[in-house]
Every structure is written in C-alpha cells, then in structure tokens.
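Colleague: Contents of protein25.cif (mmCIF, C-alpha atoms) are given next:
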```cif
data_data
#
loop_
_atom_site.label_atom_id
_atom_site.label_comp_id
_atom_site.auth_asym_id
_atom_site.auth_seq_id
_atom_site.Cartn_x
_atom_site.Cartn_y
_atom_site.Cartn_z
CA MET A 1 -103.63 36.77 -250.05
CA THR A 2 -102.02 34.07 -247.95
CA GLY A 3 -104.70 32.77 -245.62
CA VAL A 4 -107.82 33.18 -243.54
CA LEU A 5 -107.80 34.27 -239.90
CA ALA A 6 -110.56 33.22 -237.49
CA ASP A 7 -111.72 35.89 -235.07
CA VAL A 8 -111.96 34.63 -231.50
CA ASN A 9 -115.72 35.27 -231.46
CA ILE A 10 -116.28 32.71 -234.20
CA GLU A 11 -113.32 30.34 -233.96
CA GLY A 12 -115.44 27.24 -233.41
CA HIS A 13 -117.49 28.01 -236.51
CA VAL A 14 -114.39 28.56 -238.62
CA ASN A 15 -112.93 25.27 -237.34
CA TYR A 16 -116.09 23.59 -238.64
CA LEU A 17 -115.93 25.54 -241.91
CA MET A 18 -112.33 24.42 -242.44
CA ALA A 19 -113.31 20.80 -241.80
CA LEU A 20 -115.96 21.11 -244.53
CA VAL A 21 -113.66 22.65 -247.16
CA ARG A 22 -110.97 20.05 -246.47
CA ALA A 23 -113.41 17.19 -247.19
CA ALA A 24 -114.99 15.97 -250.44
CA PRO A 25 -115.93 17.47 -252.83
CA TRP A 26 -113.90 20.56 -251.90
CA ALA A 27 -110.55 19.16 -250.74
CA ASP A 28 -108.71 19.23 -254.10
CA LEU A 29 -109.87 22.74 -254.92
CA TRP A 30 -109.02 23.95 -251.41
CA GLU A 31 -105.53 22.54 -251.76
CA GLU A 32 -105.16 24.22 -255.14
CA LEU A 33 -106.16 27.58 -253.64
CA GLY A 34 -103.33 27.16 -251.13
CA VAL A 35 -105.13 29.06 -248.39
CA LYS A 36 -103.71 28.67 -244.88
CA TYR A 37 -105.99 28.68 -241.85
CA LEU A 38 -104.70 30.73 -238.92
CA THR A 39 -105.95 31.66 -235.47
CA PHE A 40 -104.98 34.64 -233.28
CA GLY A 41 -102.25 32.62 -231.58
CA ASP A 42 -100.65 31.81 -234.93
CA VAL A 43 -100.16 35.52 -235.70
CA SER A 44 -99.37 36.60 -232.11
CA LEU A 45 -102.59 38.58 -231.78
CA ASP A 46 -103.86 39.02 -228.26
CA ARG A 47 -107.43 37.94 -227.43
CA GLU A 48 -108.03 41.53 -226.30
CA ALA A 49 -106.90 43.05 -229.59
CA THR A 50 -109.03 45.92 -230.87
CA ASP A 51 -110.72 45.82 -234.26
CA SER A 52 -108.16 48.26 -235.63
CA GLU A 53 -105.27 46.06 -234.43
CA VAL A 54 -106.85 42.95 -235.98
CA TRP A 55 -107.47 44.82 -239.22
CA ARG A 56 -103.84 46.04 -239.37
CA VAL A 57 -102.40 42.56 -238.84
CA CYS A 58 -104.69 41.12 -241.50
CA GLN A 59 -103.65 43.72 -244.07
CA GLU A 60 -99.95 43.49 -243.23
CA ARG A 61 -99.92 39.69 -243.43
CA GLU A 62 -102.37 39.41 -246.35
CA LEU A 63 -105.01 37.56 -244.35
CA VAL A 64 -108.77 37.55 -244.80
CA LEU A 65 -110.51 37.87 -241.42
CA ILE A 66 -113.61 35.78 -240.77
CA THR A 67 -115.58 37.35 -237.95
CA GLY A 68 -119.00 37.38 -236.31
CA ASN A 69 -121.84 39.77 -237.00
CA ARG A 70 -122.92 40.73 -233.50
CA ASN A 71 -120.94 43.93 -233.01
CA SER A 72 -122.43 47.17 -231.81
CA ALA A 73 -121.85 50.25 -233.94
CA GLY A 74 -119.31 51.90 -231.65
CA ALA A 75 -116.43 54.25 -232.30
CA ASP A 76 -113.92 51.40 -232.38
CA SER A 77 -116.16 49.01 -234.24
CA LEU A 78 -114.94 47.13 -237.26
CA GLU A 79 -117.14 49.29 -239.47
CA ALA A 80 -115.43 52.41 -238.16
CA THR A 81 -112.01 50.86 -238.76
CA ILE A 82 -112.93 49.93 -242.32
CA ARG A 83 -114.27 53.44 -243.00
CA VAL A 84 -111.01 55.00 -241.83
CA SER A 85 -108.43 52.49 -243.07
CA ASN A 86 -109.83 50.78 -246.15
CA THR A 87 -108.00 51.31 -249.45
CA ASN A 88 -108.55 49.78 -252.88
CA GLN A 89 -105.84 47.23 -252.05
CA SER A 90 -107.26 46.19 -248.66
CA LEU A 91 -108.47 42.64 -248.26
CA PRO A 92 -112.13 42.36 -247.29
CA VAL A 93 -113.46 41.07 -243.98
CA LEU A 94 -115.85 38.12 -244.19
CA THR A 95 -118.87 37.62 -241.98
CA ILE A 96 -120.97 34.47 -241.74
CA SER A 97 -124.43 36.01 -242.04
CA ASN A 98 -126.22 33.63 -239.70
CA THR A 99 -123.87 31.78 -237.37
CA GLU A 100 -126.64 29.97 -235.48
CA ARG A 101 -128.03 28.53 -238.73
CA PHE A 102 -124.51 27.63 -239.91
CA LYS A 103 -124.09 25.31 -236.93
CA ASN A 104 -127.49 23.67 -237.22
CA ASN A 105 -128.41 23.45 -240.91
CA ARG A 106 -126.24 21.39 -243.27
CA ASP A 107 -127.67 22.97 -246.44
CA TYR A 108 -126.93 26.44 -245.13
CA ALA A 109 -123.43 25.34 -244.09
CA LYS A 110 -122.87 24.15 -247.66
CA GLU A 111 -123.98 27.59 -248.94
CA VAL A 112 -121.40 29.19 -246.67
CA VAL A 113 -118.68 26.89 -248.04
CA VAL A 114 -119.60 27.73 -251.65
CA SER A 115 -119.67 31.40 -250.78
CA LEU A 116 -116.24 31.28 -249.10
CA VAL A 117 -114.64 29.46 -252.04
CA ARG A 118 -116.18 31.94 -254.50
CA VAL A 119 -114.79 34.88 -252.51
CA LEU A 120 -111.33 33.35 -252.39
CA ILE A 121 -111.35 32.61 -256.12
CA GLY A 122 -112.32 36.21 -256.84
CA ILE A 123 -110.29 37.77 -254.03
CA ASP A 124 -108.14 40.08 -256.15
CA GLU A 125 -111.27 41.67 -257.65
CA LEU A 126 -112.75 42.04 -254.16
CA ARG A 127 -109.97 44.13 -252.62
CA GLY A 128 -111.29 47.38 -251.26
CA THR A 129 -114.86 46.13 -250.87
CA GLY A 130 -114.77 46.29 -247.05
CA ARG A 131 -117.08 43.82 -245.40
CA LEU A 132 -118.63 40.88 -247.25
CA TYR A 133 -121.25 38.37 -246.17
CA LEU A 134 -121.23 34.58 -246.45
CA PRO A 135 -123.43 33.55 -248.16
CA MET B 1 -103.36 36.05 -208.53
CA GLU B 2 -106.03 35.49 -211.19
CA ARG B 3 -107.27 38.59 -212.99
CA GLU B 4 -110.77 39.62 -212.02
CA ILE B 5 -113.13 39.23 -214.95
CA THR B 6 -115.34 42.24 -215.50
CA ILE B 7 -117.46 43.56 -218.33
CA VAL B 8 -116.11 46.74 -219.90
CA ASP B 9 -117.04 48.96 -222.84
CA ARG B 10 -114.17 49.74 -225.20
CA GLY B 11 -116.40 51.18 -227.92
CA ARG B 12 -117.80 47.89 -229.23
CA GLY B 13 -120.54 47.36 -226.67
CA PRO B 14 -120.12 45.44 -223.37
CA GLN B 15 -117.24 42.96 -223.63
CA LEU B 16 -115.02 40.86 -221.40
CA CYS B 17 -112.07 42.77 -219.95
CA THR B 18 -109.92 39.75 -220.83
CA SER B 19 -111.02 39.24 -224.44
CA ARG B 20 -112.48 41.06 -227.45
CA ILE B 21 -115.51 38.76 -227.20
CA THR B 22 -118.64 40.78 -226.43
CA VAL B 23 -121.74 39.95 -224.42
CA GLN B 24 -123.69 40.14 -227.68
CA ASP B 25 -121.34 37.55 -229.26
CA LEU B 26 -122.33 35.13 -226.51
CA LEU B 27 -126.00 35.98 -226.10
CA PRO B 28 -127.40 33.76 -228.92
CA TYR B 29 -125.77 30.70 -227.32
CA PHE B 30 -127.20 31.59 -223.91
CA GLN B 31 -130.60 31.90 -225.59
CA LEU B 32 -130.16 28.52 -227.28
CA GLY B 33 -129.37 26.91 -223.93
CA TYR B 34 -125.72 26.03 -224.63
CA THR B 35 -123.78 24.94 -221.57
CA ASP B 36 -120.44 26.57 -220.80
CA GLU B 37 -118.69 23.43 -222.02
CA GLN B 38 -120.60 23.49 -225.34
CA ILE B 39 -119.69 27.12 -225.90
CA ILE B 40 -116.02 26.35 -225.30
CA GLN B 41 -115.99 23.20 -227.43
CA GLU B 42 -118.12 24.38 -230.34
CA VAL B 43 -118.07 28.15 -230.53
CA MET B 44 -115.36 30.10 -228.69
CA PRO B 45 -112.57 27.75 -227.59
CA SER B 46 -110.44 30.59 -226.21
CA LEU B 47 -112.94 31.32 -223.41
CA SER B 48 -112.87 30.01 -219.85
CA VAL B 49 -115.85 29.00 -217.73
CA ALA B 50 -115.19 32.05 -215.52
CA GLU B 51 -115.36 34.39 -218.52
CA ILE B 52 -118.62 32.87 -219.74
CA GLY B 53 -119.98 33.16 -216.20
CA ALA B 54 -119.16 36.88 -216.11
CA ALA B 55 -121.05 37.40 -219.37
CA ARG B 56 -124.03 35.37 -218.10
CA ARG B 57 -124.17 37.49 -214.95
CA TYR B 58 -124.06 40.68 -217.01
CA VAL B 59 -127.01 39.47 -219.09
CA GLU B 60 -128.97 38.64 -215.93
CA ASP B 61 -128.21 42.06 -214.42
CA HIS B 62 -128.92 44.07 -217.60
CA ARG B 63 -131.52 41.86 -219.25
CA GLU B 64 -133.73 44.57 -220.75
CA GLU B 65 -131.00 46.62 -222.41
CA VAL B 66 -129.14 43.50 -223.61
CA LEU B 67 -132.28 42.11 -225.25
CA GLU B 68 -133.09 45.48 -226.85
CA GLU B 69 -129.61 45.58 -228.39
CA ASP B 70 -130.04 41.97 -229.53
CA GLN B 71 -133.19 42.96 -231.41
CA ARG B 72 -131.40 45.91 -233.04
CA ILE B 73 -128.53 43.64 -234.15
CA ARG B 74 -130.89 40.97 -235.52
CA GLN B 75 -132.89 43.57 -237.49
CA ARG B 76 -129.73 45.12 -238.89
CA ASN B 77 -128.24 41.75 -239.85
CA ALA B 78 -131.43 40.58 -241.57
CA ALA B 79 -131.04 43.46 -244.03
CA LEU B 80 -127.35 42.95 -244.83
CA ARG B 81 -126.50 41.98 -248.41
CA ASN B 82 -123.41 42.12 -250.58
CA PRO B 83 -123.57 45.02 -253.07
CA PRO B 84 -124.36 44.23 -256.76
CA GLU B 85 -120.76 44.80 -257.90
CA VAL B 86 -119.59 42.17 -255.41
CA GLU B 87 -122.30 39.74 -256.54
CA ALA B 88 -121.09 40.19 -260.13
CA VAL B 89 -117.57 39.14 -259.11
CA LEU B 90 -118.97 36.18 -257.18
CA GLN B 91 -121.00 35.05 -260.21
CA ARG B 92 -117.83 34.96 -262.31
CA ALA B 93 -116.05 33.07 -259.52
CA GLN B 94 -118.92 30.57 -259.47
CA LYS B 95 -118.17 29.61 -263.09
CA LYS B 96 -114.51 29.02 -262.30
CA LEU B 97 -115.46 27.06 -259.17
CA GLU B 98 -117.68 24.74 -261.22
CA GLU B 99 -114.98 24.27 -263.85
CA ARG B 100 -112.39 23.31 -261.23
CA LEU B 101 -114.77 20.95 -259.41
CA ASP B 102 -115.55 19.27 -262.77
CA PHE B 103 -111.83 18.97 -263.48
CA PHE B 104 -111.09 17.28 -260.15
CA ARG B 105 -114.18 15.05 -260.44
CA ASN B 106 -113.10 13.88 -263.92
CA HIS B 107 -109.49 13.49 -262.81
CA ARG B 108 -110.59 11.21 -259.98
CA ALA B 109 -112.92 9.24 -262.27
CA GLU B 110 -110.08 8.62 -264.72
CA GLY B 111 -107.61 7.65 -262.01
CA PRO B 112 -103.91 8.56 -262.03
CA ASN B 113 -103.21 6.30 -265.02
CA GLY B 114 -106.19 7.50 -267.04
CA ASP B 115 -107.66 4.01 -266.91
CA GLY B 116 -110.70 4.66 -264.76
CA ARG B 117 -109.11 3.20 -261.64
CA SER B 118 -108.68 5.31 -258.57
CA GLY B 119 -105.29 4.02 -257.53
#
```
Using the file provided, produce a representation of the structure as structure tokens.

Modeller:
Amino acid sequence: MTGVLADVNIEGHVNYLMALVRAAPWADLWEELGVKYLTFGDVSLDREATDSEVWRVCQERELVLITGNRNSAGADSLEATIRVSNTNQSLPVLTISNTERFKNNRDYAKEVVVSLVRVLIGIDELRGTGRLYLP
Amino acid sequence: MEREITIVDRGRGPQLCTSRITVQDLLPYFQLGYTDEQIIQEVMPSLSVAEIGAARRYVEDHREEVLEEDQRIRQRNAALRNPPEVEAVLQRAQKKLEERLDFFRNHRAEGPNGDGRSG
C-alpha cells in the first residue's frame, strides 16, 4: 500500500483528516507509516470517473480510497464494483461513517484519526475486506 | 463555450454531468445551510458555483423524492458496522498504535541526546 486517495465527494474532509494526522501526537507515527496523500489530479483521474474506474486505479497503484457514504445502491455503485472485482488481495475502501459529525465534533474527528491509523497499521490483514467504516 | 451543467443518472443516483459528485453527496450541506463558498472551501473543492447551483435547483425541483432517498441513506448508514473479523484486526492494530505512540512520546521526552532536552 502506497497511499490514500481522497474521493472528490469528500476531499475537504480528507484535507482536514490529513492535517490532523500530520500534527501532534500523530505526526511521528504518520511519518513512520510513510503513507502519501493523493487527490484525483495526482493520479490523473477525471472528476467524472465511475466507481469502477476509481476502484481499478486504486488497486493498480496500491491506494486506499477514502470516500463518502451517500451513494445510492445502483448498478454502477461502489458496492456493485466491490462485489464484482474484489479479491483477497484487494485494498479496502474506507468510508467516514458520519461526515457531518466529523467536521463539527473534535472528539469524533479524533476517533476517525485513530480508526484510520489502526486500519493502515493492519492494512495487509485487511485486504479483501471490501468496504470499511471509520470509526 | 462552457459546458451546460445538467443532472444525470449514471447508475449512482442523480449526479452532476461534469463530476461524479451526486445530489445526495451535497444535500447534507444544503440542509446545514452551507453557502456555495463554504462547500467549495471546506467540503468539495473541485466544484464550481455553477455546479452547486445545478444541484440546488435539482433539489428544489425534486424535493420529495430527494428527501425520501436521504432518509433511506441515513437509515442504511446508521446500521453500518465493520464485521467482527475486521474489528479483531483493528484491536491488534490498536496495541501496536499505542506502543508506537509511547515510543515517540518517550523519545521526545528524552531528547535526541538522551538527556531530557528536546533539542
């Protein structure tokens, strides 16, 4: 796993999340994990990319996608993509469970940080698990 | 000529024709009273004012069905949990996380020369 990729529907939240993990008391541990933070532009993904395209780029480039949780259950939904494409080597997709609370509640934001760091520490045991929730 | 911004359905619910961002992605911020500028600065920096306006108009024109879908999404999300096998992995990761935080905390307390000074 080389980095995390912010979906465009949650980029502002992930910017905030990255600011938190790069500050005390997390900064040293974050540096040790060596996780890069990337946006769609960094990996040449179009803003209009489908879930299956985003999934493919993440798996090819060993990136963990952080995305929102407001999708409808359509034929090209992320859930459908995971059902079809997931293998036991696939990296999971991370979802911040409550994005509104994340922006407005510092204790909850801290829970999301802890949850993200735990996932990244255990990432090799979490391959193939599909979609995971923070916290 | 600028591309006309419409709301389309590509299998993920109503979304902008110019972005994978859906109406339902934006709805909570409309409900919270965010301005267009706040949405761009704090939530979805790739959006333009025109794109947010198109989504706002769609919500106004399809209020009942949009709010019904919002309720379905909120009910579904309230029930989402990681499975037990994932929680077991995360519990083991928690121990390692605490060990590493302790290590860095002690390392800072000792200072680079091991003399309790920070620099």

Colleague: Tell me, as a list in words, which residues lie within 8 Å of A:Pro92, counting all atoms listed in the file; anything in the same chain fewer than 3 positions away does not count.

Modeller: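 So, after excluding close chain neighbours, the residues are Val64, Leu65, Leu126, Arg127, Gly128, Thr129, Gly130, Arg131 and Leu132 of chain A.
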
Colleague: Any chance you could work out the residue set of the PyMOL selection byres ((chain B) within 6 of (chain A)) here, as a PDB file with C-alpha atoms, in the frame of the given file?

Modeller:
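Produced file out06.pdb, reproduced below:
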```pdb
ATOM      1  CA  GLY B  11    -116.400  51.180-227.920  1.00  0.00           C
ATOM      2  CA  ARG B  12    -117.800  47.890-229.230  1.00  0.00           C
ATOM      3  CA  GLY B  13    -120.540  47.360-226.670  1.00  0.00           C
ATOM      4  CA  SER B  19    -111.020  39.240-224.440  1.00  0.00           C
ATOM      5  CA  ARG B  20    -112.480  41.060-227.450  1.00  0.00           C
ATOM      6  CA  ILE B  21    -115.510  38.760-227.200  1.00  0.00           C
ATOM      7  CA  GLN B  24    -123.690  40.140-227.680  1.00  0.00           C
ATOM      8  CA  ASP B  25    -121.340  37.550-229.260  1.00  0.00           C
ATOM      9  CA  GLU B  42    -118.120  24.380-230.340  1.00  0.00           C
ATOM     10  CA  VAL B  43    -118.070  28.150-230.530  1.00  0.00           C
ATOM     11  CA  MET B  44    -115.360  30.100-228.690  1.00  0.00           C
ATOM     12  CA  ASN B  82    -123.410  42.120-250.580  1.00  0.00           C
ATOM     13  CA  LEU B  90    -118.970  36.180-257.180  1.00  0.00           C
ATOM     14  CA  ALA B  93    -116.050  33.070-259.520  1.00  0.00           C
ATOM     15  CA  GLN B  94    -118.920  30.570-259.470  1.00  0.00           C
TER      16      GLN B  94
END
```

Colleague: If the PyMOL selection byres ((chain B and resi 27) around 9) were run on this exact file, what residues would it hold? Put them as a list in words.

Modeller: Thr22, Val23, Gln24, Asp25, Leu26, Pro28, Tyr29, Phe30, Gln31, Leu32, Ala55, Arg56, Val59, Val66, Leu67 and Asp70 of chain B

Colleague: What's the separation between atom CA of A:Arg22 and atom CA of A:Ala109, in Å to one decimal place?

Modeller: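 So the answer is 13.7 Å.
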
Colleague: One number please: atom CA of A:Ser85 to atom CA of A:Glu53, in Å, one decimal.

Modeller: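 We find that atom CA of A:Ser85 and atom CA of A:Glu53 lie 11.2 Å from each other.
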
Colleague: Go ahead and compute the interatomic distance for atom CA of B:Ile52 and atom CA of B:Gln38, in Å to one decimal.

Modeller: 11.1 Å

Colleague: Translate the PyMOL selection byres ((chain B and resi 36) around 10), as applied to the file shown, into an explicit residue set as a ChimeraX atom specification.

Modeller: /B:29-30,33-35,37-41,47-53,56

Colleague: Within 8 Å of (-108.9, 29.2, -242.0), all atoms listed in the file: residues as a list in words?

Modeller: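 Checked against the point, the hits come out as Gly3, Val4, Leu5, Ala6, Val14, Asn15, Leu17, Met18, Val35, Lys36, Tyr37, Leu38 and Thr39 of chain A.
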
Colleague: Could the residues in this selection be written to a file with C-alpha atoms, as a PDB file, keeping the file's coordinate frame?

Modeller:
```
ATOM      1  CA  GLY A   3    -104.700  32.770-245.620  1.00  0.00           C
ATOM      2  CA  VAL A   4    -107.820  33.180-243.540  1.00  0.00           C
ATOM      3  CA  LEU A   5    -107.800  34.270-239.900  1.00  0.00           C
ATOM      4  CA  ALA A   6    -110.560  33.220-237.490  1.00  0.00           C
ATOM      5  CA  VAL A  14    -114.390  28.560-238.620  1.00  0.00           C
ATOM      6  CA  ASN A  15    -112.930  25.270-237.340  1.00  0.00           C
ATOM      7  CA  LEU A  17    -115.930  25.540-241.910  1.00  0.00           C
ATOM      8  CA  MET A  18    -112.330  24.420-242.440  1.00  0.00           C
ATOM      9  CA  VAL A  35    -105.130  29.060-248.390  1.00  0.00           C
ATOM     10  CA  LYS A  36    -103.710  28.670-244.880  1.00  0.00           C
ATOM     11  CA  TYR A  37    -105.990  28.680-241.850  1.00  0.00           C
ATOM     12  CA  LEU A  38    -104.700  30.730-238.920  1.00  0.00           C
ATOM     13  CA  THR A  39    -105.950  31.660-235.470  1.00  0.00           C
TER      14      THR A  39
END
```
